[in-house]
$ cat target-v2.pdb   # PDB, C-alpha atoms
ATOM      1  CA  MET A  17      -8.724  30.601 -23.112
ATOM      2  CA  GLY A  18      -8.596  30.002 -19.404
ATOM      3  CA  SER A  19     -11.915  28.185 -19.383
ATOM      4  CA  VAL A  20     -10.851  26.053 -22.370
ATOM      5  CA  LYS A  21      -7.637  25.075 -20.617
ATOM      6  CA  SER A  22      -9.574  24.279 -17.474
ATOM      7  CA  ARG A  23     -11.908  21.969 -19.395
ATOM      8  CA  ARG A  24      -8.953  20.257 -21.013
ATOM      9  CA  GLU A  25      -7.311  19.737 -17.653
ATOM     10  CA  MET A  26     -10.525  18.354 -16.209
ATOM     11  CA  TYR A  27     -10.899  15.973 -19.169
ATOM     12  CA  ALA A  28      -7.278  14.866 -18.840
ATOM     13  CA  GLU A  29      -7.719  14.199 -15.128
ATOM     14  CA  ALA A  30     -10.933  12.267 -15.772
ATOM     15  CA  THR A  31      -9.244  10.194 -18.471
ATOM     16  CA  ARG A  32      -6.284   9.405 -16.233
ATOM     17  CA  ALA A  33      -8.629   8.411 -13.391
ATOM     18  CA  ALA A  34     -10.626   6.167 -15.735
ATOM     19  CA  LEU A  35      -7.444   4.466 -16.926
ATOM     20  CA  ILE A  36      -6.267   3.821 -13.371
ATOM     21  CA  GLU A  37      -9.688   2.500 -12.370
ATOM     22  CA  ALA A  38      -9.842   0.161 -15.362
ATOM     23  CA  ALA A  39      -6.253  -0.976 -14.891
ATOM     24  CA  THR A  40      -6.822  -1.651 -11.198
ATOM     25  CA  GLU A  41      -9.733  -3.940 -11.988
ATOM     26  CA  LEU A  42      -7.898  -5.765 -14.778
ATOM     27  CA  PHE A  43      -4.605  -6.150 -12.905
ATOM     28  CA  THR A  44      -6.543  -7.503  -9.916
ATOM     29  CA  ARG A  45      -8.602  -9.926 -11.978
ATOM     30  CA  HIS A  46      -6.039 -11.123 -14.527
ATOM     31  CA  GLY A  47      -2.655 -10.041 -13.196
ATOM     32  CA  PHE A  48      -0.050  -7.729 -14.682
ATOM     33  CA  ALA A  49       1.375 -10.134 -17.265
ATOM     34  CA  ALA A  50      -1.999 -11.131 -18.708
ATOM     35  CA  THR A  51      -3.292  -7.546 -19.026
ATOM     36  CA  SER A  52      -2.432  -5.500 -22.106
ATOM     37  CA  LEU A  53      -2.656  -1.766 -22.647
ATOM     38  CA  GLU A  54      -5.280  -2.520 -25.295
ATOM     39  CA  ASP A  55      -7.354  -4.239 -22.604
ATOM     40  CA  VAL A  56      -7.082  -1.190 -20.362
ATOM     41  CA  ALA A  57      -7.902   1.244 -23.167
ATOM     42  CA  SER A  58     -10.953  -0.791 -24.136
ATOM     43  CA  ALA A  59     -12.204  -1.037 -20.554
ATOM     44  CA  ALA A  60     -11.710   2.720 -20.043
ATOM     45  CA  GLN A  61     -13.314   3.429 -23.437
ATOM     46  CA  VAL A  62     -10.363   5.426 -24.729
ATOM     47  CA  THR A  63      -7.781   4.922 -27.476
ATOM     48  CA  ARG A  64      -4.402   3.329 -26.905
ATOM     49  CA  GLY A  65      -2.924   6.711 -27.780
ATOM     50  CA  ALA A  66      -4.747   8.193 -24.798
ATOM     51  CA  VAL A  67      -3.051   5.632 -22.576
ATOM     52  CA  TYR A  68       0.390   6.643 -23.846
ATOM     53  CA  HIS A  69      -0.514  10.303 -23.416
ATOM     54  CA  HIS A  70      -0.708   9.713 -19.668
ATOM     55  CA  PHE A  71       1.670   6.775 -19.129
ATOM     56  CA  ALA A  72       4.953   5.784 -20.765
ATOM     57  CA  GLY A  73       3.945   2.125 -20.794
ATOM     58  CA  LYS A  74       2.296  -0.685 -18.867
ATOM     59  CA  GLN A  75       4.797  -0.602 -16.026
ATOM     60  CA  ALA A  76       4.241   3.136 -15.518
ATOM     61  CA  LEU A  77       0.489   2.536 -15.483
ATOM     62  CA  PHE A  78       0.890  -0.243 -12.937
ATOM     63  CA  GLU A  79       3.022   1.990 -10.737
ATOM     64  CA  ALA A  80       0.256   4.608 -10.792
ATOM     65  CA  VAL A  81      -2.218   1.911  -9.735
ATOM     66  CA  LEU A  82       0.078   0.795  -6.931
ATOM     67  CA  ASP A  83       0.602   4.402  -5.820
ATOM     68  CA  GLU A  84      -3.149   4.855  -5.487
ATOM     69  CA  GLN A  85      -3.447   1.712  -3.371
ATOM     70  CA  GLU A  86      -0.586   2.800  -1.136
ATOM     71  CA  LEU A  87      -2.039   6.288  -0.712
ATOM     72  CA  HIS A  88      -5.301   4.674   0.342
ATOM     73  CA  MET A  89      -3.362   2.541   2.838
ATOM     74  CA  THR A  90      -1.518   5.497   4.369
ATOM     75  CA  LYS A  91      -4.742   7.486   4.655
ATOM     76  CA  ARG A  92      -6.581   4.643   6.397
ATOM     77  CA  ILE A  93      -3.784   3.999   8.861
ATOM     78  CA  SER A  94      -3.176   7.695   9.564
ATOM     79  CA  THR A  95      -6.891   8.172  10.215
ATOM     80  CA  ALA A  96      -6.964   5.190  12.568
ATOM     81  CA  VAL A  97      -3.908   6.376  14.525
ATOM     82  CA  ALA A  98      -5.242   9.941  14.786
ATOM     83  CA  GLN A  99      -8.263   8.679  16.722
ATOM     84  CA  HIS A 100      -6.040   7.809  19.694
ATOM     85  CA  SER A 101      -4.367  10.210  22.090
ATOM     86  CA  ASP A 102      -2.142   7.400  23.369
ATOM     87  CA  PRO A 103       0.590   6.423  20.863
ATOM     88  CA  TRP A 104       0.516   2.806  22.073
ATOM     89  CA  ASP A 105      -3.189   2.458  21.328
ATOM     90  CA  GLY A 106      -2.558   4.127  17.983
ATOM     91  CA  ALA A 107       0.191   1.626  17.142
ATOM     92  CA  ILE A 108      -2.059  -1.321  17.969
ATOM     93  CA  ASP A 109      -4.850   0.137  15.829
ATOM     94  CA  ALA A 110      -2.352   0.676  13.013
ATOM     95  CA  ILE A 111      -1.477  -3.023  13.101
ATOM     96  CA  ASP A 112      -5.131  -4.073  12.980
ATOM     97  CA  THR A 113      -5.965  -1.605  10.205
ATOM     98  CA  PHE A 114      -3.003  -2.692   8.118
ATOM     99  CA  LEU A 115      -3.806  -6.390   8.461
ATOM    100  CA  ASP A 116      -7.442  -5.791   7.605
ATOM    101  CA  LEU A 117      -6.382  -3.934   4.478
ATOM    102  CA  CYS A 118      -4.014  -6.769   3.529
ATOM    103  CA  CYS A 119      -7.045  -9.057   3.389
ATOM    104  CA  ASP A 120      -8.663  -6.780   0.809
ATOM    105  CA  PRO A 121      -8.410  -8.632  -2.542
ATOM    106  CA  VAL A 122      -7.490  -5.521  -4.529
ATOM    107  CA  TYR A 123      -4.804  -4.156  -2.202
ATOM    108  CA  SER A 124      -3.368  -7.598  -1.577
ATOM    109  CA  ARG A 125      -3.163  -8.577  -5.244
ATOM    110  CA  ILE A 126      -1.782  -5.252  -6.483
ATOM    111  CA  VAL A 127       0.736  -4.531  -3.735
ATOM    112  CA  TRP A 128       1.947  -7.917  -2.555
ATOM    113  CA  GLN A 129       1.399 -10.308  -5.450
ATOM    114  CA  GLU A 130       1.701  -8.293  -8.655
ATOM    115  CA  GLY A 131       3.977  -5.492  -7.436
ATOM    116  CA  PRO A 132       7.280  -7.415  -7.269
ATOM    117  CA  THR A 133       6.693  -8.976 -10.702
ATOM    118  CA  ALA A 134       5.449  -5.845 -12.433
ATOM    119  CA  LEU A 135       8.082  -3.444 -11.106
ATOM    120  CA  GLY A 136      10.954  -5.738 -10.238
ATOM    121  CA  LEU A 137      12.051  -6.249  -6.642
ATOM    122  CA  ALA A 138      14.267  -3.171  -6.431
ATOM    123  CA  ARG A 139      11.661  -0.708  -7.686
ATOM    124  CA  TRP A 140       8.904  -2.408  -5.709
ATOM    125  CA  HIS A 141      10.920  -2.059  -2.495
ATOM    126  CA  GLU A 142      11.436   1.631  -3.288
ATOM    127  CA  CYS A 143       7.677   2.108  -3.644
ATOM    128  CA  GLU A 144       7.008   0.286  -0.384
ATOM    129  CA  GLU A 145       9.512   2.429   1.479
ATOM    130  CA  LYS A 146       8.093   5.578  -0.106
ATOM    131  CA  TYR A 147       4.790   5.042   1.676
ATOM    132  CA  ALA A 148       5.004   2.506   4.503
ATOM    133  CA  TYR A 149       8.437   3.300   5.924
ATOM    134  CA  GLY A 150       7.423   6.832   6.897
ATOM    135  CA  LEU A 151       4.376   5.546   8.776
ATOM    136  CA  VAL A 152       6.484   3.091  10.748
ATOM    137  CA  GLU A 153       9.138   5.723  11.452
ATOM    138  CA  THR A 154       6.545   8.178  12.758
ATOM    139  CA  SER A 155       4.932   5.543  14.971
ATOM    140  CA  VAL A 156       8.206   4.294  16.457
ATOM    141  CA  ASN A 157       9.385   7.838  17.211
ATOM    142  CA  ALA A 158       6.036   8.646  18.842
ATOM    143  CA  LEU A 159       6.362   5.545  21.048
ATOM    144  CA  ILE A 160       9.892   6.592  22.031
ATOM    145  CA  GLU A 161       8.812  10.137  22.863
ATOM    146  CA  ALA A 162       5.959   8.770  25.004
ATOM    147  CA  GLY A 163       8.382   6.529  26.900
ATOM    148  CA  TYR A 164       6.967   3.240  25.622
ATOM    149  CA  LEU A 165      10.162   2.333  23.765
ATOM    150  CA  GLU A 166      13.750   2.993  24.755
ATOM    151  CA  PRO A 167      15.694   5.323  22.444
ATOM    152  CA  LYS A 168      18.139   2.563  21.481
ATOM    153  CA  ALA A 169      19.056   1.386  17.971
ATOM    154  CA  VAL A 170      16.241   3.556  16.637
ATOM    155  CA  ASP A 171      17.016   3.160  12.936
ATOM    156  CA  THR A 172      17.335  -0.605  13.298
ATOM    157  CA  THR A 173      14.093  -0.769  15.279
ATOM    158  CA  ILE A 174      12.299   1.132  12.536
ATOM    159  CA  ARG A 175      13.816  -1.099   9.828
ATOM    160  CA  PHE A 176      12.892  -4.329  11.615
ATOM    161  CA  THR A 177       9.363  -3.114  12.337
ATOM    162  CA  PHE A 178       8.936  -2.124   8.692
ATOM    163  CA  GLN A 179      10.067  -5.597   7.611
ATOM    164  CA  ILE A 180       7.619  -7.246  10.019
ATOM    165  CA  PHE A 181       4.726  -5.380   8.397
ATOM    166  CA  GLY A 182       5.973  -6.520   4.999
ATOM    167  CA  ALA A 183       6.208 -10.131   6.145
ATOM    168  CA  ALA A 184       2.629  -9.990   7.392
ATOM    169  CA  GLY A 185       1.441  -8.520   4.101
ATOM    170  CA  MET A 186       3.159 -11.243   2.076
ATOM    171  CA  THR A 187       1.857 -13.950   4.407
ATOM    172  CA  LEU A 188      -1.743 -12.822   4.038
ATOM    173  CA  ALA A 189      -1.411 -12.406   0.278
ATOM    174  CA  ASP A 190      -0.339 -16.050  -0.006
ATOM    175  CA  THR A 191      -3.110 -17.307   2.305
ATOM    176  CA  PRO A 192      -6.276 -18.813   0.787
ATOM    177  CA  ALA A 193      -9.397 -16.695   1.331
ATOM    178  CA  ALA A 194     -10.980 -19.222   3.694
ATOM    179  CA  ASP A 195      -7.948 -19.122   6.001
ATOM    180  CA  LYS A 196      -7.372 -15.352   5.980
ATOM    181  CA  PRO A 197      -9.380 -14.540   9.157
ATOM    182  CA  ARG A 198      -7.399 -17.099  11.173
ATOM    183  CA  VAL A 199      -4.031 -16.076   9.745
ATOM    184  CA  MET A 200      -4.868 -12.375  10.191
ATOM    185  CA  ASP A 201      -5.563 -13.008  13.889
ATOM    186  CA  GLU A 202      -2.295 -14.938  14.190
ATOM    187  CA  CYS A 203      -0.351 -12.135  12.497
ATOM    188  CA  ALA A 204      -1.957  -9.575  14.809
ATOM    189  CA  ASP A 205      -1.045 -11.631  17.866
ATOM    190  CA  VAL A 206       2.574 -12.110  16.758
ATOM    191  CA  MET A 207       3.005  -8.432  15.852
ATOM    192  CA  ARG A 208       1.527  -7.241  19.140
ATOM    193  CA  ARG A 209       3.757  -9.592  21.138
ATOM    194  CA  MET A 210       6.815  -8.447  19.175
ATOM    195  CA  LEU A 211       5.944  -4.826  19.832
ATOM    196  CA  GLY A 212       5.281  -5.620  23.466
ATOM    197  CA  GLY A 213       8.715  -7.238  23.705
ATOM    198  CA  LEU A 214      10.283  -3.900  22.792
ATOM    199  CA  ARG A 215       8.382  -2.033  25.458
ATOM    200  CA  ALA A 216      10.549  -0.222  27.971
ATOM    201  CA  GLN A 217      10.636  -1.809  31.413
TER     202      GLN A 217
END

$ encode --input "target-v2.pdb" --output "structure tokens"
Amino acid sequence: MGSVKSRREMYAEATRAALIEAATELFTRHGFAATSLEDVASAAQVTRGAVYHHFAGKQALFEAVLDEQELHMTKRISTAVAQHSDPWDGAIDAIDTFLDLCCDPVYSRIVWQEGPTALGLARWHECEEKYAYGLVETSVNALIEAGYLEPKAVDTTIRFTFQIFGAAGMTLADTPAADKPRVMDECADVMRRMLGGLRAQ
């Protein structure tokens, strides 16, 4: 029985992964509103019943897609920061890595363009804080401990920094592909100067 259960679990995991992969492609290409669960089931080569076995509905499926994108984001940024022994260098690399990811058509469309519509602003903000806020909080505290930032208005500093990352993400999502490299460089420059303005004297 154990082996049978194991095979079932493996099949269930494979089915769920296939649904998320298919949904990611369709949500990116057509958007949340124009994608149906039937479209996802067909692309994943499963029945609609299989979709409902794993997800309560289209919004729940979208949230799973967004979660996967955000997990990918946190992993990329954490990996980039971990390569630096100096927290300041890590923070600068985190900015560059984040902005580069925001130019990715899948991440940008799912997180910044479709997310607010698919989940509603309140739930979307909750998802953003679930992943990105912790990264910002860790980075700001590391900069304070290293003496780069003064330990003043820490919670407000974290909140403002988090909002700056969000503003950059939205800006790049709304920028035409041809202009993204220029706007990404401008965002990087502004964010670095803002961070530099907080640096302890």

$ closest_residue --input "target-v2.pdb" --among "A:Arg215, A:Gly73, A:Phe78, A:Asp201" --to "A:Thr133" --atoms "all atoms listed in the file"
A:Phe78

$ axis_aligned_box --input "target-v2.pdb" --around "stretch 194-203 of chain A" --padding-each-side "6 Å" --output "AutoDock Vina command-line options"
--center_x -5.7 --center_y -15.7 --center_z 8.9 --size_x 22.6 --size_y 19.1 --size_z 22.5

$ residues_around --input "target-v2.pdb" --residues "A:Glu161" --least-positions-apart "3" --cutoff "12 Å" --atoms "only C-alpha atoms" --output "PyMOL selection string"
chain A and resi 102-104+154-158+164-167+170+216

$ closest_residue --input "target-v2.pdb" --among "A:Ala107, A:Cys143, A:Ala194, A:Cys118" --to "A:Thr177" --atoms "only C-alpha atoms"
A:Ala107

$ closest_residue --input "target-v2.pdb" --among "A:Ala49, A:Ala183, A:Val152, A:Leu82" --to "A:Ser94" --atoms "only C-alpha atoms"
A:Val152

$ closest_residue --input "target-v2.pdb" --among "A:Leu42, A:Ala96, A:Val81, A:Val127" --to "A:Asp112" --atoms "all atoms listed in the file"
A:Ala96

$ residues_around --input "target-v2.pdb" --residues "A:Glu144" --least-positions-apart "6" --cutoff "10 Å" --atoms "all atoms listed in the file" --output "PyMOL selection string"
chain A and resi 82-83+86+127-128+131+150+178+182

$ atom_distance --input "target-v2.pdb" --atom1 "atom CA of A:Pro132" --atom2 "atom CA of A:Gly185"
12.8 Å

$ closest_residue --input "target-v2.pdb" --among "A:Ala162, A:Ala59, A:Ala184, A:Ile93" --to "A:Asp109" --atoms "only C-alpha atoms"
A:Ile93

$ closest_residue --input "target-v2.pdb" --among "A:Ala193, A:Met89, A:Leu35, A:Met26" --to "A:Leu117" --atoms "all atoms listed in the file"
A:Met89

$ resolve_selection --input "target-v2.pdb" --expression "the PyMOL selection byres ((chain A and resi 61) around 12)" --output "ChimeraX atom specification"
/A:30-32,34-35,37-39,53-60,62-67

$ atom_distance --input "target-v2.pdb" --atom1 "atom CA of A:Ala72" --atom2 "atom CA of A:Pro121"
26.8 Å

$ atom_distance --input "target-v2.pdb" --atom1 "atom CA of A:Lys146" --atom2 "atom CA of A:Ser52"
26.8 Å

$ resolve_selection --input "target-v2.pdb" --expression "the PyMOL selection byres ((chain A and resi 208) around 12)" --output "ChimeraX atom specification"
/A:104-105,107-112,115,177,180-181,201-207,209-215

$ residues_near_point --input "target-v2.pdb" --point "(0.4, -13.3, -0.7)" --cutoff "8 Å" --atoms "only C-alpha atoms" --output "list in words"
Ser124, Arg125, Trp128, Gln129, Gly185, Met186, Thr187, Leu188, Ala189, Asp190 and Thr191 of chain A

$ write_last_selection --input "target-v2.pdb" --atoms "C-alpha atoms" --output "PDB file, keeping the file's coordinate frame"
ATOM      1  CA  SER A 124      -3.368  -7.598  -1.577  1.00  0.00           C
ATOM      2  CA  ARG A 125      -3.163  -8.577  -5.244  1.00  0.00           C
ATOM      3  CA  TRP A 128       1.947  -7.917  -2.555  1.00  0.00           C
ATOM      4  CA  GLN A 129       1.399 -10.308  -5.450  1.00  0.00           C
ATOM      5  CA  GLY A 185       1.441  -8.520   4.101  1.00  0.00           C
ATOM      6  CA  MET A 186       3.159 -11.243   2.076  1.00  0.00           C
ATOM      7  CA  THR A 187       1.857 -13.950   4.407  1.00  0.00           C
ATOM      8  CA  LEU A 188      -1.743 -12.822   4.038  1.00  0.00           C
ATOM      9  CA  ALA A 189      -1.411 -12.406   0.278  1.00  0.00           C
ATOM     10  CA  ASP A 190      -0.339 -16.050  -0.006  1.00  0.00           C
ATOM     11  CA  THR A 191      -3.110 -17.307   2.305  1.00  0.00           C
TER      12      THR A 191
END
